[in-house]
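Novice: Got a file for you: target.cif, mmCIF, C-alpha atoms, pLDDT in the B column; chains and numbers go by the auth columns.
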data_data
#
loop_
_atom_site.group_PDB
_atom_site.id
_atom_site.type_symbol
_atom_site.label_atom_id
_atom_site.label_comp_id
_atom_site.label_asym_id
_atom_site.label_seq_id
_atom_site.Cartn_x
_atom_site.Cartn_y
_atom_site.Cartn_z
_atom_site.B_iso_or_equiv
_atom_site.auth_seq_id
_atom_site.auth_asym_id
ATOM 1 C CA MET A 1 11.822 19.886 1.447 64.00 58 A
ATOM 2 C CA GLY A 2 10.948 17.691 -1.533 74.00 59 A
ATOM 3 C CA VAL A 3 14.564 16.603 -1.954 80.00 60 A
ATOM 4 C CA LEU A 4 14.851 15.840 1.755 80.00 61 A
ATOM 5 C CA LYS A 5 11.617 13.855 1.701 82.00 62 A
ATOM 6 C CA THR A 6 12.836 11.817 -1.282 85.00 63 A
ATOM 7 C CA ALA A 7 16.145 11.120 0.459 85.00 64 A
ATOM 8 C CA LEU A 8 14.427 9.946 3.645 85.00 65 A
ATOM 9 C CA GLU A 9 12.099 7.691 1.694 84.00 66 A
ATOM 10 C CA TRP A 10 15.104 6.179 -0.096 88.00 67 A
ATOM 11 C CA MET A 11 16.782 5.582 3.263 88.00 68 A
ATOM 12 C CA LEU A 12 13.622 3.930 4.591 85.00 69 A
ATOM 13 C CA ARG A 13 13.607 1.502 1.659 87.00 70 A
ATOM 14 C CA PHE A 14 17.349 0.925 2.106 90.00 71 A
ATOM 15 C CA PHE A 15 16.908 -0.037 5.745 90.00 72 A
ATOM 16 C CA TYR A 16 13.973 -2.270 4.763 87.00 73 A
ATOM 17 C CA ASP A 17 16.162 -4.116 2.252 87.00 74 A
ATOM 18 C CA PHE A 18 18.783 -4.442 4.988 87.00 75 A
ATOM 19 C CA SER A 19 16.469 -5.624 7.800 85.00 76 A
ATOM 20 C CA GLY A 20 13.548 -7.194 5.962 83.00 77 A
ATOM 21 C CA SER A 21 11.094 -5.375 8.211 85.00 78 A
ATOM 22 C CA TYR A 22 9.582 -1.931 7.858 84.00 79 A
ATOM 23 C CA GLY A 23 9.223 -1.748 11.634 86.00 80 A
ATOM 24 C CA LEU A 24 12.970 -2.230 12.072 89.00 81 A
ATOM 25 C CA ALA A 25 13.579 0.070 9.103 89.00 82 A
ATOM 26 C CA ILE A 26 11.723 2.897 10.867 87.00 83 A
ATOM 27 C CA ILE A 27 13.748 2.324 14.036 90.00 84 A
ATOM 28 C CA LEU A 28 17.045 2.281 12.120 91.00 85 A
ATOM 29 C CA LEU A 29 16.064 5.368 10.131 88.00 86 A
ATOM 30 C CA THR A 30 15.127 7.226 13.314 86.00 87 A
ATOM 31 C CA VAL A 31 18.438 6.365 14.963 87.00 88 A
ATOM 32 C CA ALA A 32 20.348 7.324 11.804 88.00 89 A
ATOM 33 C CA ILE A 33 18.670 10.738 11.658 82.00 90 A
ATOM 34 C CA ARG A 34 19.247 11.371 15.355 80.00 91 A
ATOM 35 C CA LEU A 35 22.926 10.471 14.953 83.00 92 A
ATOM 36 C CA VAL A 36 23.287 12.868 12.024 80.00 93 A
ATOM 37 C CA LEU A 37 21.652 15.617 14.067 76.00 94 A
ATOM 38 C CA ALA A 38 23.523 14.633 17.253 73.00 95 A
ATOM 39 C CA PRO A 39 25.906 17.642 17.245 72.00 96 A
ATOM 40 C CA LEU A 40 22.921 20.009 17.094 69.00 97 A
ATOM 41 C CA THR A 41 20.823 18.157 19.645 67.00 98 A
ATOM 42 C CA PHE A 42 23.865 17.861 21.923 67.00 99 A
ATOM 43 C CA SER A 43 24.218 21.645 21.899 64.00 100 A
ATOM 44 C CA GLN A 44 20.515 22.053 22.562 64.00 101 A
ATOM 45 C CA SER A 45 20.440 19.490 25.361 63.00 102 A
ATOM 46 C CA LYS A 46 23.574 20.927 26.963 66.00 103 A
ATOM 47 C CA SER A 47 22.002 24.394 27.009 67.00 104 A
ATOM 48 C CA MET A 48 18.787 23.024 28.518 67.00 105 A
ATOM 49 C CA GLU A 49 20.728 21.150 31.194 64.00 106 A
ATOM 50 C CA ALA A 50 22.697 24.271 32.070 67.00 107 A
ATOM 51 C CA MET A 51 19.499 26.305 32.350 68.00 108 A
ATOM 52 C CA LYS A 52 17.991 23.607 34.530 67.00 109 A
ATOM 53 C CA ARG A 53 20.899 23.756 36.960 71.00 110 A
ATOM 54 C CA LEU A 54 20.580 27.543 37.231 68.00 111 A
ATOM 55 C CA GLN A 55 16.895 27.443 38.163 68.00 112 A
ATOM 56 C CA PRO A 56 17.396 27.638 41.980 69.00 113 A
ATOM 57 C CA GLU A 57 19.543 30.757 41.613 75.00 114 A
ATOM 58 C CA MET A 58 17.122 32.265 39.100 71.00 115 A
ATOM 59 C CA GLN A 59 14.179 31.673 41.420 69.00 116 A
ATOM 60 C CA ALA A 60 16.090 33.268 44.305 76.00 117 A
ATOM 61 C CA LEU A 61 16.785 36.343 42.174 71.00 118 A
ATOM 62 C CA GLN A 62 13.156 36.478 41.106 70.00 119 A
ATOM 63 C CA ALA A 63 12.028 36.504 44.730 73.00 120 A
ATOM 64 C CA LYS A 64 14.642 39.090 45.720 69.00 121 A
ATOM 65 C CA TYR A 65 13.922 41.510 42.872 69.00 122 A
ATOM 66 C CA LYS A 66 10.235 40.816 42.294 69.00 123 A
ATOM 67 C CA ASP A 67 9.441 44.526 42.549 71.00 124 A
ATOM 68 C CA LYS A 68 12.485 45.612 40.530 68.00 125 A
ATOM 69 C CA PRO A 69 12.199 44.042 37.071 74.00 126 A
ATOM 70 C CA GLU A 70 15.091 46.010 35.559 75.00 127 A
ATOM 71 C CA GLU A 71 17.498 44.953 38.295 72.00 128 A
ATOM 72 C CA TYR A 72 16.210 41.391 38.035 72.00 129 A
ATOM 73 C CA ASN A 73 16.914 41.267 34.296 74.00 130 A
ATOM 74 C CA ALA A 74 20.388 42.702 34.865 76.00 131 A
ATOM 75 C CA LYS A 75 21.158 40.111 37.543 71.00 132 A
ATOM 76 C CA ILE A 76 19.860 37.304 35.333 71.00 133 A
ATOM 77 C CA MET A 77 22.145 38.384 32.501 74.00 134 A
ATOM 78 C CA GLU A 78 25.065 38.500 34.955 73.00 135 A
ATOM 79 C CA LEU A 79 24.193 34.964 36.074 70.00 136 A
ATOM 80 C CA TYR A 80 24.172 33.765 32.468 71.00 137 A
ATOM 81 C CA LYS A 81 27.504 35.456 31.802 72.00 138 A
ATOM 82 C CA GLU A 82 29.162 34.062 34.918 70.00 139 A
ATOM 83 C CA ASN A 83 28.086 30.524 34.042 67.00 140 A
ATOM 84 C CA LYS A 84 28.714 30.949 30.291 64.00 141 A
ATOM 85 C CA VAL A 85 25.128 30.044 29.473 65.00 142 A
ATOM 86 C CA ASN A 86 23.346 31.204 26.346 61.00 143 A
ATOM 87 C CA PRO A 87 19.600 31.319 27.116 58.00 144 A
ATOM 88 C CA LEU A 88 18.896 31.012 23.388 56.00 145 A
ATOM 89 C CA GLY A 89 21.301 28.129 22.934 52.00 146 A
ATOM 90 C CA GLY A 90 18.502 25.601 22.581 50.00 147 A
ATOM 91 C CA CYS A 91 16.541 27.516 19.935 53.00 148 A
ATOM 92 C CA LEU A 92 18.755 27.499 16.835 52.00 149 A
ATOM 93 C CA PRO A 93 19.512 23.737 16.916 52.00 150 A
ATOM 94 C CA MET A 94 15.783 23.083 17.229 56.00 151 A
ATOM 95 C CA LEU A 95 15.017 25.271 14.206 62.00 152 A
ATOM 96 C CA VAL A 96 17.659 23.498 12.115 62.00 153 A
ATOM 97 C CA GLN A 97 16.114 20.123 12.983 65.00 154 A
ATOM 98 C CA LEU A 98 12.580 21.095 11.977 71.00 155 A
ATOM 99 C CA PRO A 99 12.950 20.493 8.200 78.00 156 A
ATOM 100 C CA PHE A 100 14.176 16.956 8.886 72.00 157 A
ATOM 101 C CA LEU A 101 11.307 16.280 11.272 72.00 158 A
ATOM 102 C CA TRP A 102 8.680 17.687 8.909 78.00 159 A
ATOM 103 C CA ALA A 103 10.039 15.708 5.952 81.00 160 A
ATOM 104 C CA LEU A 104 10.171 12.472 7.948 77.00 161 A
ATOM 105 C CA PHE A 105 6.671 13.109 9.267 77.00 162 A
ATOM 106 C CA ALA A 106 5.414 13.461 5.689 80.00 163 A
ATOM 107 C CA VAL A 107 7.190 10.275 4.574 80.00 164 A
ATOM 108 C CA LEU A 108 5.883 8.112 7.409 75.00 165 A
ATOM 109 C CA ARG A 109 2.377 9.568 7.213 74.00 166 A
ATOM 110 C CA GLU A 110 1.996 8.920 3.477 75.00 167 A
ATOM 111 C CA PHE A 111 4.098 5.782 3.035 76.00 168 A
ATOM 112 C CA ASP A 112 2.184 2.620 2.186 74.00 169 A
ATOM 113 C CA PHE A 113 3.960 -0.001 4.287 74.00 170 A
ATOM 114 C CA GLY A 114 1.570 -2.849 3.588 69.00 171 A
ATOM 115 C CA THR A 115 3.151 -4.984 6.318 72.00 172 A
ATOM 116 C CA GLY A 116 2.896 -5.342 10.060 72.00 173 A
ATOM 117 C CA PHE A 117 5.381 -5.385 12.933 82.00 174 A
ATOM 118 C CA LEU A 118 5.182 -7.305 16.199 84.00 175 A
ATOM 119 C CA TRP A 119 1.500 -7.096 17.268 87.00 176 A
ATOM 120 C CA LEU A 120 0.653 -4.630 14.487 83.00 177 A
ATOM 121 C CA THR A 121 -1.087 -5.962 11.404 80.00 178 A
ATOM 122 C CA SER A 122 -0.199 -2.818 9.436 79.00 179 A
ATOM 123 C CA LEU A 123 2.170 0.092 9.992 81.00 180 A
ATOM 124 C CA SER A 124 -0.006 2.306 7.801 78.00 181 A
ATOM 125 C CA THR A 125 -2.983 2.182 10.167 80.00 182 A
ATOM 126 C CA PRO A 126 -3.369 3.178 13.846 84.00 183 A
ATOM 127 C CA ASP A 127 -2.419 0.747 16.601 87.00 184 A
ATOM 128 C CA PRO A 128 -5.644 -1.164 17.413 87.00 185 A
ATOM 129 C CA LEU A 129 -4.423 -2.032 20.914 90.00 186 A
ATOM 130 C CA TYR A 130 -3.405 1.576 21.763 90.00 187 A
ATOM 131 C CA ILE A 131 -0.020 0.366 23.003 91.00 188 A
ATOM 132 C CA LEU A 132 1.953 2.824 20.873 89.00 189 A
ATOM 133 C CA PRO A 133 -0.172 5.873 21.815 91.00 190 A
ATOM 134 C CA ILE A 134 0.344 5.003 25.483 91.00 191 A
ATOM 135 C CA LEU A 135 4.091 4.648 24.924 92.00 192 A
ATOM 136 C CA SER A 136 4.185 7.948 23.040 89.00 193 A
ATOM 137 C CA ALA A 137 2.521 9.695 25.992 90.00 194 A
ATOM 138 C CA LEU A 138 4.748 8.022 28.602 90.00 195 A
ATOM 139 C CA THR A 139 8.010 8.667 26.751 89.00 196 A
ATOM 140 C CA THR A 140 7.002 12.282 26.080 85.00 197 A
ATOM 141 C CA TYR A 141 6.295 12.751 29.787 86.00 198 A
ATOM 142 C CA ALA A 142 9.587 11.110 30.791 85.00 199 A
ATOM 143 C CA GLN A 143 11.529 13.267 28.349 79.00 200 A
ATOM 144 C CA MET A 144 9.892 16.464 29.621 78.00 201 A
ATOM 145 C CA LEU A 145 10.562 15.364 33.197 77.00 202 A
ATOM 146 C CA MET A 146 14.268 15.065 32.420 73.00 203 A
ATOM 147 C CA THR A 147 14.544 18.463 30.735 67.00 204 A
ATOM 148 C CA SER A 148 11.983 20.676 32.462 63.00 205 A
ATOM 149 C CA ALA A 149 13.450 23.274 34.797 55.00 206 A
ATOM 150 C CA ASP A 150 10.599 25.728 35.183 55.00 207 A
ATOM 151 C CA ALA A 151 8.101 24.906 37.914 52.00 208 A
ATOM 152 C CA SER A 152 5.542 27.141 36.193 53.00 209 A
ATOM 153 C CA GLN A 153 5.453 24.660 33.308 59.00 210 A
ATOM 154 C CA LYS A 154 4.389 21.795 35.542 66.00 211 A
ATOM 155 C CA SER A 155 0.889 21.687 34.054 68.00 212 A
ATOM 156 C CA MET A 156 2.353 21.356 30.547 70.00 213 A
ATOM 157 C CA MET A 157 4.156 18.205 31.651 72.00 214 A
ATOM 158 C CA PHE A 158 0.746 16.551 31.838 77.00 215 A
ATOM 159 C CA ILE A 159 -1.080 18.374 29.068 81.00 216 A
ATOM 160 C CA MET A 160 1.511 17.808 26.335 82.00 217 A
ATOM 161 C CA PRO A 161 1.984 14.040 26.873 84.00 218 A
ATOM 162 C CA ALA A 162 -1.795 13.598 27.059 85.00 219 A
ATOM 163 C CA PHE A 163 -2.175 15.549 23.804 85.00 220 A
ATOM 164 C CA ILE A 164 0.561 13.540 22.062 85.00 221 A
ATOM 165 C CA GLY A 165 -1.014 10.282 23.219 86.00 222 A
ATOM 166 C CA TYR A 166 -4.439 11.418 22.045 89.00 223 A
ATOM 167 C CA ILE A 167 -3.385 12.404 18.518 86.00 224 A
ATOM 168 C CA SER A 168 -1.255 9.248 18.250 86.00 225 A
ATOM 169 C CA ILE A 169 -4.449 7.191 18.447 89.00 226 A
ATOM 170 C CA ASN A 170 -5.284 8.217 14.871 86.00 227 A
ATOM 171 C CA PHE A 171 -1.745 8.354 13.461 84.00 228 A
ATOM 172 C CA PRO A 172 -0.245 5.498 11.408 82.00 229 A
ATOM 173 C CA ALA A 173 1.588 3.097 13.694 84.00 230 A
ATOM 174 C CA GLY A 174 4.815 3.634 11.741 81.00 231 A
ATOM 175 C CA LEU A 175 4.792 7.326 12.580 83.00 232 A
ATOM 176 C CA VAL A 176 4.192 6.664 16.287 86.00 233 A
ATOM 177 C CA ILE A 177 7.077 4.167 16.349 88.00 234 A
ATOM 178 C CA TYR A 178 9.306 6.971 15.090 85.00 235 A
ATOM 179 C CA TRP A 179 8.084 9.279 17.867 86.00 236 A
ATOM 180 C CA VAL A 180 8.645 6.713 20.621 89.00 237 A
ATOM 181 C CA VAL A 181 12.124 5.734 19.416 88.00 238 A
ATOM 182 C CA SER A 182 13.075 9.391 18.992 84.00 239 A
ATOM 183 C CA ASN A 183 11.962 10.119 22.565 85.00 240 A
ATOM 184 C CA LEU A 184 13.977 7.195 23.911 88.00 241 A
ATOM 185 C CA PHE A 185 17.038 8.375 22.008 84.00 242 A
ATOM 186 C CA SER A 186 16.614 11.899 23.419 80.00 243 A
ATOM 187 C CA MET A 187 16.268 10.549 26.947 82.00 244 A
ATOM 188 C CA GLY A 188 19.474 8.546 26.617 82.00 245 A
ATOM 189 C CA GLN A 189 21.309 11.531 25.201 76.00 246 A
ATOM 190 C CA GLN A 190 20.045 13.833 27.955 74.00 247 A
ATOM 191 C CA TYR A 191 21.125 11.341 30.609 76.00 248 A
ATOM 192 C CA VAL A 192 24.654 11.165 29.178 73.00 249 A
ATOM 193 C CA ILE A 193 24.905 14.958 29.024 71.00 250 A
ATOM 194 C CA ALA A 194 23.632 15.320 32.592 68.00 251 A
ATOM 195 C CA GLN A 195 26.228 12.831 33.840 71.00 252 A
ATOM 196 C CA ARG A 196 29.034 14.593 31.993 68.00 253 A
ATOM 197 C CA MET A 197 28.032 18.004 33.303 59.00 254 A
ATOM 198 C CA ASN A 198 27.833 16.733 36.865 61.00 255 A
ATOM 199 C CA PRO A 199 30.186 13.728 37.145 51.00 256 A
ATOM 200 C CA GLN A 200 30.114 13.675 40.939 48.00 257 A
ATOM 201 C CA GLU A 201 26.440 12.689 40.828 45.00 258 A
ATOM 202 C CA GLY A 202 27.261 9.863 38.471 43.00 259 A
ATOM 203 C CA GLY A 203 29.990 8.704 40.792 41.00 260 A
ATOM 204 C CA ALA A 204 27.679 8.802 43.771 41.00 261 A
ATOM 205 C CA ALA A 205 25.111 6.775 41.929 38.00 262 A
#
As structure tokens, how would this structure be written, given the file I've shared?

Specialist:
Amino acid sequence: MGVLKTALEWMLRFFYDFSGSYGLAIILLTVAIRLVLAPLTFSQSKSMEAMKRLQPEMQALQAKYKDKPEEYNAKIMELYKENKVNPLGGCLPMLVQLPFLWALFAVLREFDFGTGFLWLTSLSTPDPLYILPILSALTTYAQMLMTSADASQKSMMFIMPAFIGYISINFPAGLVIYWVVSNLFSMGQQYVIAQRMNPQEGGAA
């Protein structure tokens, strides 16, 4: 973790030397990390999209076999097999990404930027206008809206964005910029995957 943290901090300084702005450096670093992890996140997003498309059939099976849990589980596994879906396909890529996310979190939380960006007087202190916390909540909600397939998780689609927005109020602005840009990147990636998995919808649009 220490080596990874050092490497990310070096990259942050590299992008600062390239752009002349720590705000742009954070954005470039976020995009660079997401591109490096793209094969993993693609696999994760593809699995989530596949699970999302199977939800109507899964709900129908749940209603049909609500009093027969063993038969329901067997039918669900058959459904996964027929559609070549791995229900755990989104877990491993997420676990592999965690060290990168933790290391970057530590870098941005502890880094002394000493400069501002756009309306921000400092990237090391919270956003005084609360614009970034609001954006963090909105982009988190939009991302969950694109990926959520379970109606039972509907309440979490409001609780989680509200929680992220709330804690972002006290986070350094630089860290919240990372979160917002990362969410936007994920949304774009999910949209591309959804269009590729269902091209007829893209054509109709």

Novice: Using the chain letters and numbers from this file, what does the PyMOL selection byres ((chain A and resi 176) around 12) select? Give the answer as a list in words.

Specialist: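 Output from the PyMOL selection byres ((chain A and resi 176) around 12), applied to this file: Gly80, Thr172, Gly173, Phe174, Leu175, Leu177, Thr178, Ser179, Leu180, Pro183, Asp184, Pro185, Leu186, Tyr187, Ile188, Leu189 and Ala230 of chain A.
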
Novice: Evaluate the PyMOL selection byres ((chain A and resi 69) around 10) here and jot the selected residues down as a list of chain:residue names.

Specialist: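 So the PyMOL selection byres ((chain A and resi 69) around 10) ends up selecting A:Thr63, A:Ala64, A:Leu65, A:Glu66, A:Trp67, A:Met68, A:Arg70, A:Phe71, A:Phe72, A:Tyr73, A:Asp74, A:Phe75, A:Tyr79, A:Leu81, A:Ala82, A:Ile83, A:Ile84, A:Leu85, A:Leu86, A:Thr87, A:Leu161, A:Val164, A:Leu165, A:Phe168.
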
Novice: Run the PyMOL selection byres ((chain A and resi 212-227) around 12) against the file shown and list the residues it catches, as a PyMOL selection string.

Specialist: chain A and resi 166+181-211+228-237+240

Novice: Just to confirm, what's the straight-line distance from CA of Lys138 in chain A to CA of Tyr248 in chain A in Å (one decimal)?

Specialist: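 Result for CA of Lys138 in chain A versus CA of Tyr248 in chain A: 25.0 Å, one decimal.
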
Novice: Could you jot down the CA of Lys62 in chain A to CA of Ser78 in chain A separation for me, Å, one decimal place?

Specialist: 20.3 Å

Novice: When you count only C-alpha atoms, which of these residues is closest to Gln246 in chain A: A:Met134, A:Leu158, A:Leu118, A:Val88?

Specialist: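 Smallest separation from Gln246 in chain A among the options: A:Val88.
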
Novice: How many Å separate CA of Phe162 in chain A from CA of Ala89 in chain A?

Specialist: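 That distance, rounded to one decimal, is 15.1 Å.
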
Novice: Which is closest to Pro156 in chain A among A:Glu139, A:Ile90, A:Asn130, A:Phe242, if we use all atoms listed in the file?

Specialist: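 The closest residue to Pro156 in chain A is A:Ile90.
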